[in-house]
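Quick notes on the structure that follows.
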Amino acid sequence: MNVRTRFAPSPTGFLHIGGARTTLYNWLFARRHQGVFILRIEDTDEVRSTEDSVQAILDSMRWLGLDWDEGPVDQQKDLGPYAPYYQMKRLELYQRHVRELVQAGKAYPCYCTKEELDAMRKLAMAEKRPVRYEGRCRDLTDRQRSELEASGRKPSWRFRMPDEGQTVVDDMVRGRVSFDNKLLQDLVIQKTTGGPTYNFACVVDDHHMEITHVIRGDEHLSNTPSQLRLYEALGWAPPCFAHLSMLLGPDGSKLSKRHGATSVLEYKTAGFLPAAMRNYLALLGWSTTDSRQLFFGDELIGAFDLAGCQKNPAVFDRAKLEWMNGEYLRKLDLRELMAHAGPFLAAAGLSGALTPPLERTVALEQEKCKLLTDVPNRVDFFYKEVAFAEKAMAGVLRKPGVKDILLDLAGALGGLEPFEEKPLEGAIRDYCGQKGLKTSQVFHPVRAACSGRTEGPTLFGMLALLGKDKVVGRLRAAAGLL
RNA sequence: GGCGUGUUCGUCUAGCGGCCUAGGACAUCGCCCUCUCAAGGCGAAGAUCACGGGUUCAAAUCCCGUACACGCCA
């Protein structure tokens with residue numbers, strides 16, 4: 001079977017973490033089976049849908065490296081055999097199928113107003129009956145219909161749901177789930193505005209786009225029996241379904257803004273790598289039987305399997321994501337790292353041909369970075385005025401004897417040739433020996449004086465890169481403050 | 001309210017009747033390495049497998065019920 005999956009977001013905001021994971025699974029499944037991954041825009045919510053949201057979603061997907069084979073590249077063109085990929089441009093198609101159902105006696109106009117339906121719902125709740133459309137307009141005569149039309153009412157169109165029997169959803173993640181048809185209500189398939197409802201458009205599009213596997217969030221499981229009835233009524237074979245568990249915040253409620261960053265793009269600006277993001281997201285609700293954590297390159301695609309999906313919801317854990325990002329960052333070769341870190345360095349005012357070269361200082365600190373934002377933070381002291389951290393000043397420099405040590409070394413190192421790692425180490429260790437000082441009594445103040453910090457790169461490598469002028473100058477300057 | 005789904009260390013999870021005195025990963029703590037910070041290595045702590053019944057020689061694993069959480073109807 002030629003696998004075709006899709007991601008079908010509503011463009012009513014940015015792409016959030018949960019949606020990104022759903023997309024990722026669809027993408028992985030398609031790639032795993034050499035299938036096709038489609039992007040479709042479900043913009044039938046005319047009030048809340050915006051083109052900005054579409055662009056934000058596309059940007060997020062591009063950043064994550066989730067490329068789609070069909071879908072909205074240029075909404076003016078919308079090329080492709082199943083185009084257009086915006087639902088609002090496919091209204092005719094939905095309306096055609098509504099008419100088809102009406103002609104077959106499987107759908108009918110409903111003239112109930114929103115207020116009437118609300119009232120019925122309230123009544124049902126008060127009487128503790130199931131909340132469900134009672135079929136008031138189900139069997140109106142033509143005459144009653146024309147009267148209602150004449151009174152100015154515009155109908156919505158409802159699908160006549162069968163009353164008897166059961167509908168079984170054979171889900172690839174959750175197994176066989178059955179629903180009583182009695183509890184399914186006559187679904188609105190076309191709104192009074194002429195637009196389709198979500199469940200109807202979804203079925204029509206999935207059919208016409210020849211989707212073979214619908215991989216989506218758990219919240220749609222309860223809609224699936226109704227959709228299955230629609231497939232049946234239209235004479236179409238339904239796709240396979242896989243319902244994914246939801247993503248929760250640390251307090252166990254649905255992941256939302258109050259739990260921190262939920263937009264994919266926020267993770268981009270926070271300095272995460274797309275590959276790490278993909279790896280982490282994949283593991284939220286999916287695992288291999290050996291609980292493997294890291295999948296580099298195409299390994300994720302090779303390993304992905306719907307059978308490994310978890311039924312219960314997962315809590316998003318930023319700490320683990322950060323650990324994983326560090327793993328990916330360390331594995332990058334210097335060129336790749338520079339490419340990824342470039343924008344972050346530039347934002348910190350570090351770009352172009354600097355002395356010492358950025359590649360050299362970045363290389364020195366690569367293994368310690370977890371986030372791309374760490375990169376400028378760890379190397380900026382090479383280039384900027386030394387800013388003394390409180391810990392460095394009070395904890396290291398303002399100690400008896402430090403001033404003399406700094407001054408002595410400024411003198412000694414001023415004549416050192418070549419000013420390189422090994423000779424530097426030799427010279428400074430010799431100085432410790434002559435003065436009878438423990439190495440730590442000297443190393444720490446030198447580091448603090450030259451970087452303003454108590455932590456940083458390996459000392460002699462750092463001094464060598466800094467160069468003689470800066471080292472001597474900084475040693476003197478620091479001594480001057482004491 | 002009805003229906004549906006879920007419930008294994010703080011978190012992500014392995015587990016599909018005996019290999020489980022429950023394994024791995026993150027986080028936490030300790031030790032080692034060490035010029036600092038990381039990384040790395042080693043180790044510790046951490047889960048009466050939501051609870052209660054059953055089935056079975058044997059249950060985290062199968063069945064029933066309860067509780068709680070979430071979702072859908074909205």
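Residues in the structure tokens are named by chain (A, B, ... in the order shown) and by number from 1 within that chain; ligands are numbered from 1 in the order shown.
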Residues of chain A within 8 Å of chain B: nearest atom pair and distance (Å, one decimal) for each, counting only C-alpha atoms (C1' of nucleotides), sorted by chain and number, as JSON lines?
```
{"residue": "A:Met125", "atom": "CA", "partner": "B:G1", "partner_atom": "C1'", "distance": 6.1}
{"residue": "A:Lys128", "atom": "CA", "partner": "B:G1", "partner_atom": "C1'", "distance": 5.4}
{"residue": "A:Arg129", "atom": "CA", "partner": "B:G1", "partner_atom": "C1'", "distance": 6.8}
{"residue": "A:Pro130", "atom": "CA", "partner": "B:G2", "partner_atom": "C1'", "distance": 5.0}
{"residue": "A:Val131", "atom": "CA", "partner": "B:C73", "partner_atom": "C1'", "distance": 6.7}
{"residue": "A:Arg132", "atom": "CA", "partner": "B:C73", "partner_atom": "C1'", "distance": 7.1}
{"residue": "A:Phe179", "atom": "CA", "partner": "B:C3", "partner_atom": "C1'", "distance": 7.7}
{"residue": "A:Leu183", "atom": "CA", "partner": "B:C3", "partner_atom": "C1'", "distance": 7.5}
{"residue": "A:Asp218", "atom": "CA", "partner": "B:G71", "partner_atom": "C1'", "distance": 7.0}
{"residue": "A:Glu219", "atom": "CA", "partner": "B:G71", "partner_atom": "C1'", "distance": 5.1}
{"residue": "A:His220", "atom": "CA", "partner": "B:C72", "partner_atom": "C1'", "distance": 7.4}
{"residue": "A:Leu221", "atom": "CA", "partner": "B:C72", "partner_atom": "C1'", "distance": 7.7}
{"residue": "A:Ser222", "atom": "CA", "partner": "B:C72", "partner_atom": "C1'", "distance": 5.0}
{"residue": "A:Asn223", "atom": "CA", "partner": "B:C72", "partner_atom": "C1'", "distance": 6.8}
{"residue": "A:Gly252", "atom": "CA", "partner": "B:A69", "partner_atom": "C1'", "distance": 7.9}
{"residue": "A:Ser253", "atom": "CA", "partner": "B:C70", "partner_atom": "C1'", "distance": 7.9}
{"residue": "A:Leu283", "atom": "CA", "partner": "B:C12", "partner_atom": "C1'", "distance": 7.1}
{"residue": "A:Leu284", "atom": "CA", "partner": "B:C12", "partner_atom": "C1'", "distance": 6.5}
{"residue": "A:Ser287", "atom": "CA", "partner": "B:U13", "partner_atom": "C1'", "distance": 7.0}
{"residue": "A:Thr289", "atom": "CA", "partner": "B:A14", "partner_atom": "C1'", "distance": 5.9}
{"residue": "A:Asp290", "atom": "CA", "partner": "B:A14", "partner_atom": "C1'", "distance": 6.4}
{"residue": "A:Ser291", "atom": "CA", "partner": "B:G24", "partner_atom": "C1'", "distance": 5.8}
{"residue": "A:Arg292", "atom": "CA", "partner": "B:G24", "partner_atom": "C1'", "distance": 7.6}
{"residue": "A:Gln293", "atom": "CA", "partner": "B:A25", "partner_atom": "C1'", "distance": 6.4}
{"residue": "A:Lys311", "atom": "CA", "partner": "B:G6", "partner_atom": "C1'", "distance": 6.8}
{"residue": "A:Asn312", "atom": "CA", "partner": "B:G6", "partner_atom": "C1'", "distance": 5.2}
{"residue": "A:Pro313", "atom": "CA", "partner": "B:G6", "partner_atom": "C1'", "distance": 7.5}
{"residue": "A:Ala314", "atom": "CA", "partner": "B:C12", "partner_atom": "C1'", "distance": 7.4}
{"residue": "A:Val315", "atom": "CA", "partner": "B:U11", "partner_atom": "C1'", "distance": 7.0}
{"residue": "A:Asp317", "atom": "CA", "partner": "B:U11", "partner_atom": "C1'", "distance": 6.4}
{"residue": "A:Ala319", "atom": "CA", "partner": "B:C26", "partner_atom": "C1'", "distance": 7.0}
{"residue": "A:Lys320", "atom": "CA", "partner": "B:C26", "partner_atom": "C1'", "distance": 4.8}
{"residue": "A:Trp323", "atom": "CA", "partner": "B:C26", "partner_atom": "C1'", "distance": 7.3}
{"residue": "A:Glu367", "atom": "CA", "partner": "B:A39", "partner_atom": "C1'", "distance": 6.2}
{"residue": "A:Lys368", "atom": "CA", "partner": "B:A38", "partner_atom": "C1'", "distance": 4.7}
{"residue": "A:Cys369", "atom": "CA", "partner": "B:A38", "partner_atom": "C1'", "distance": 7.9}
{"residue": "A:Thr439", "atom": "CA", "partner": "B:C35", "partner_atom": "C1'", "distance": 7.5}
{"residue": "A:Ser440", "atom": "CA", "partner": "B:C35", "partner_atom": "C1'", "distance": 6.5}
{"residue": "A:Phe443", "atom": "CA", "partner": "B:C35", "partner_atom": "C1'", "distance": 5.7}
{"residue": "A:His444", "atom": "CA", "partner": "B:U36", "partner_atom": "C1'", "distance": 7.1}
{"residue": "A:Thr454", "atom": "CA", "partner": "B:U36", "partner_atom": "C1'", "distance": 6.0}
{"residue": "A:Glu455", "atom": "CA", "partner": "B:C37", "partner_atom": "C1'", "distance": 4.4}
{"residue": "A:Gly456", "atom": "CA", "partner": "B:C37", "partner_atom": "C1'", "distance": 5.6}
{"residue": "A:Pro457", "atom": "CA", "partner": "B:C37", "partner_atom": "C1'", "distance": 7.7}
{"residue": "A:Thr458", "atom": "CA", "partner": "B:C35", "partner_atom": "C1'", "distance": 7.1}
{"residue": "A:Leu459", "atom": "CA", "partner": "B:C35", "partner_atom": "C1'", "distance": 6.3}
```
Give me a file of those residues, with C-alpha atoms, as a PDB file, in the first residue's frame.
```pdb
ATOM      1  CA  MET A 125     -29.013  18.367  31.327  1.00  0.00           C
ATOM      2  CA  LYS A 128     -30.272  14.240  33.298  1.00  0.00           C
ATOM      3  CA  ARG A 129     -30.836  12.911  29.833  1.00  0.00           C
ATOM      4  CA  PRO A 130     -27.973  12.493  27.353  1.00  0.00           C
ATOM      5  CA  VAL A 131     -27.184  15.795  25.660  1.00  0.00           C
ATOM      6  CA  ARG A 132     -28.029  15.116  22.093  1.00  0.00           C
ATOM      7  CA  PHE A 179     -19.530   3.037  20.497  1.00  0.00           C
ATOM      8  CA  LEU A 183     -25.554   7.933  21.386  1.00  0.00           C
ATOM      9  CA  ASP A 218      -6.723  11.578  21.224  1.00  0.00           C
ATOM     10  CA  GLU A 219      -9.331  14.317  21.356  1.00  0.00           C
ATOM     11  CA  HIS A 220     -10.644  13.070  18.024  1.00  0.00           C
ATOM     12  CA  LEU A 221     -11.265   9.515  19.091  1.00  0.00           C
ATOM     13  CA  SER A 222     -14.819  10.306  20.163  1.00  0.00           C
ATOM     14  CA  ASN A 223     -15.517  11.917  16.787  1.00  0.00           C
ATOM     15  CA  GLY A 252      -1.242  17.214  34.684  1.00  0.00           C
ATOM     16  CA  SER A 253      -3.518  19.566  32.827  1.00  0.00           C
ATOM     17  CA  LEU A 283       9.918  10.075  22.616  1.00  0.00           C
ATOM     18  CA  LEU A 284       6.907  11.775  24.158  1.00  0.00           C
ATOM     19  CA  SER A 287       9.426   4.311  22.477  1.00  0.00           C
ATOM     20  CA  THR A 289      11.336  -1.886  23.385  1.00  0.00           C
ATOM     21  CA  ASP A 290      14.914  -1.183  24.422  1.00  0.00           C
ATOM     22  CA  SER A 291      14.007   2.332  25.603  1.00  0.00           C
ATOM     23  CA  ARG A 292      16.591   3.841  23.338  1.00  0.00           C
ATOM     24  CA  GLN A 293      16.957   7.586  23.818  1.00  0.00           C
ATOM     25  CA  LYS A 311      -1.842   5.207  25.221  1.00  0.00           C
ATOM     26  CA  ASN A 312      -1.479   7.420  28.244  1.00  0.00           C
ATOM     27  CA  PRO A 313      -0.696  11.115  28.153  1.00  0.00           C
ATOM     28  CA  ALA A 314       2.831  12.444  28.536  1.00  0.00           C
ATOM     29  CA  VAL A 315       4.193  15.374  30.486  1.00  0.00           C
ATOM     30  CA  ASP A 317       9.867  17.916  30.482  1.00  0.00           C
ATOM     31  CA  ALA A 319      15.071  19.504  31.476  1.00  0.00           C
ATOM     32  CA  LYS A 320      15.278  16.341  29.434  1.00  0.00           C
ATOM     33  CA  TRP A 323      20.004  17.393  28.080  1.00  0.00           C
ATOM     34  CA  GLU A 367      31.265  20.449  24.773  1.00  0.00           C
ATOM     35  CA  LYS A 368      29.801  22.537  27.562  1.00  0.00           C
ATOM     36  CA  CYS A 369      26.888  24.053  25.706  1.00  0.00           C
ATOM     37  CA  THR A 439      48.659  25.941  41.514  1.00  0.00           C
ATOM     38  CA  SER A 440      45.081  26.673  42.444  1.00  0.00           C
ATOM     39  CA  PHE A 443      45.235  29.557  38.329  1.00  0.00           C
ATOM     40  CA  HIS A 444      41.977  30.818  39.748  1.00  0.00           C
ATOM     41  CA  THR A 454      35.181  31.613  37.943  1.00  0.00           C
ATOM     42  CA  GLU A 455      34.326  29.134  35.248  1.00  0.00           C
ATOM     43  CA  GLY A 456      35.353  28.888  31.645  1.00  0.00           C
ATOM     44  CA  PRO A 457      37.583  27.141  29.151  1.00  0.00           C
ATOM     45  CA  THR A 458      40.757  25.323  29.979  1.00  0.00           C
ATOM     46  CA  LEU A 459      43.016  28.070  31.365  1.00  0.00           C
TER      47      LEU A 459
END
```
Please indicate the distance in Å from C1' of A67 in chain B to CA of Leu123 in chain A, rounded to one decimal place.
->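 Separation of C1' of A67 in chain B and CA of Leu123 in chain A: 29.5 Å.
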Residue contacts of His340 in chain A (10 Å, only C-alpha atoms (C1' of nucleotides)) excluding same-chain residues fewer than 5 positions away, as a PyMOL selection string | chain A and resi 271-273+329+332+334-335+345+372
Only N, CA, C and O atoms, please: the residues just picked out, written as an mmCIF file, in the first residue's frame.
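Once everything was written out, this is part.cif:
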```
data_model
loop_
_atom_site.group_PDB
_atom_site.id
_atom_site.type_symbol
_atom_site.label_atom_id
_atom_site.label_comp_id
_atom_site.auth_asym_id
_atom_site.auth_seq_id
_atom_site.Cartn_x
_atom_site.Cartn_y
_atom_site.Cartn_z
ATOM 1 N N GLY A 271 17.250 28.471 21.464
ATOM 2 C CA GLY A 271 18.524 27.838 21.170
ATOM 3 C C GLY A 271 18.503 26.323 21.072
ATOM 4 O O GLY A 271 19.530 25.679 21.257
ATOM 5 N N PHE A 272 17.351 25.773 20.763
ATOM 6 C CA PHE A 272 17.291 24.324 20.573
ATOM 7 C C PHE A 272 17.557 23.982 19.111
ATOM 8 O O PHE A 272 17.270 24.782 18.214
ATOM 9 N N LEU A 273 18.060 22.790 18.900
ATOM 10 C CA LEU A 273 18.335 22.298 17.561
ATOM 11 C C LEU A 273 17.117 21.513 17.059
ATOM 12 O O LEU A 273 16.548 20.731 17.807
ATOM 13 N N LEU A 329 24.311 18.970 20.324
ATOM 14 C CA LEU A 329 25.249 20.069 20.127
ATOM 15 C C LEU A 329 26.681 19.556 20.115
ATOM 16 O O LEU A 329 27.512 19.957 19.309
ATOM 17 N N LEU A 332 27.822 17.848 16.843
ATOM 18 C CA LEU A 332 27.974 18.660 15.633
ATOM 19 C C LEU A 332 29.450 18.872 15.317
ATOM 20 O O LEU A 332 30.261 19.016 16.226
ATOM 21 N N LEU A 334 32.423 21.379 13.825
ATOM 22 C CA LEU A 334 32.549 22.810 14.084
ATOM 23 C C LEU A 334 31.820 23.673 13.056
ATOM 24 O O LEU A 334 31.200 24.670 13.397
ATOM 25 N N ARG A 335 31.881 23.250 11.805
ATOM 26 C CA ARG A 335 31.215 24.029 10.763
ATOM 27 C C ARG A 335 29.714 24.094 11.003
ATOM 28 O O ARG A 335 29.090 25.151 10.878
ATOM 29 N N LEU A 345 25.239 34.255 17.949
ATOM 30 C CA LEU A 345 26.456 35.039 18.168
ATOM 31 C C LEU A 345 26.252 36.467 17.664
ATOM 32 O O LEU A 345 26.586 37.444 18.343
ATOM 33 N N LEU A 372 22.020 26.752 22.119
ATOM 34 C CA LEU A 372 22.793 27.630 21.247
ATOM 35 C C LEU A 372 23.007 28.996 21.889
ATOM 36 O O LEU A 372 23.978 29.673 21.599
#
```
What residues in range 123-159 of chain A get the DSSP label strand (DSSP E or B)? Please answer as a list of chain:residue names.
->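 Filtering range 123-159 of chain A to strand (DSSP E or B) leaves A:Ser156, A:Trp157, A:Arg158, A:Phe159.
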Could you pull the residues within 7 Å of range 201-210 of chain A, counting only C-alpha atoms (C1' of nucleotides), minus those fewer than 4 positions along the same chain, as a list in words?
->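 In the requested form, the answer reads Arg4, Tyr82, Tyr94, Pro196, Thr197, Gln227 and Tyr231 of chain A.
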Can you write out the residues you just picked, keeping C-alpha atoms, as a CSV table (one decimal), in the first residue's frame?
```csv
chain,number,residue,atom,x,y,z
A,4,ARG,CA,-0.4,8.8,2.5
A,82,TYR,CA,-5.5,17.1,-4.9
A,94,TYR,CA,-18.3,19.7,0.4
A,196,PRO,CA,-18.7,22.5,6.2
A,197,THR,CA,-18.3,21.5,9.8
A,227,GLN,CA,-16.9,10.0,10.8
A,231,TYR,CA,-17.7,7.2,5.2
```
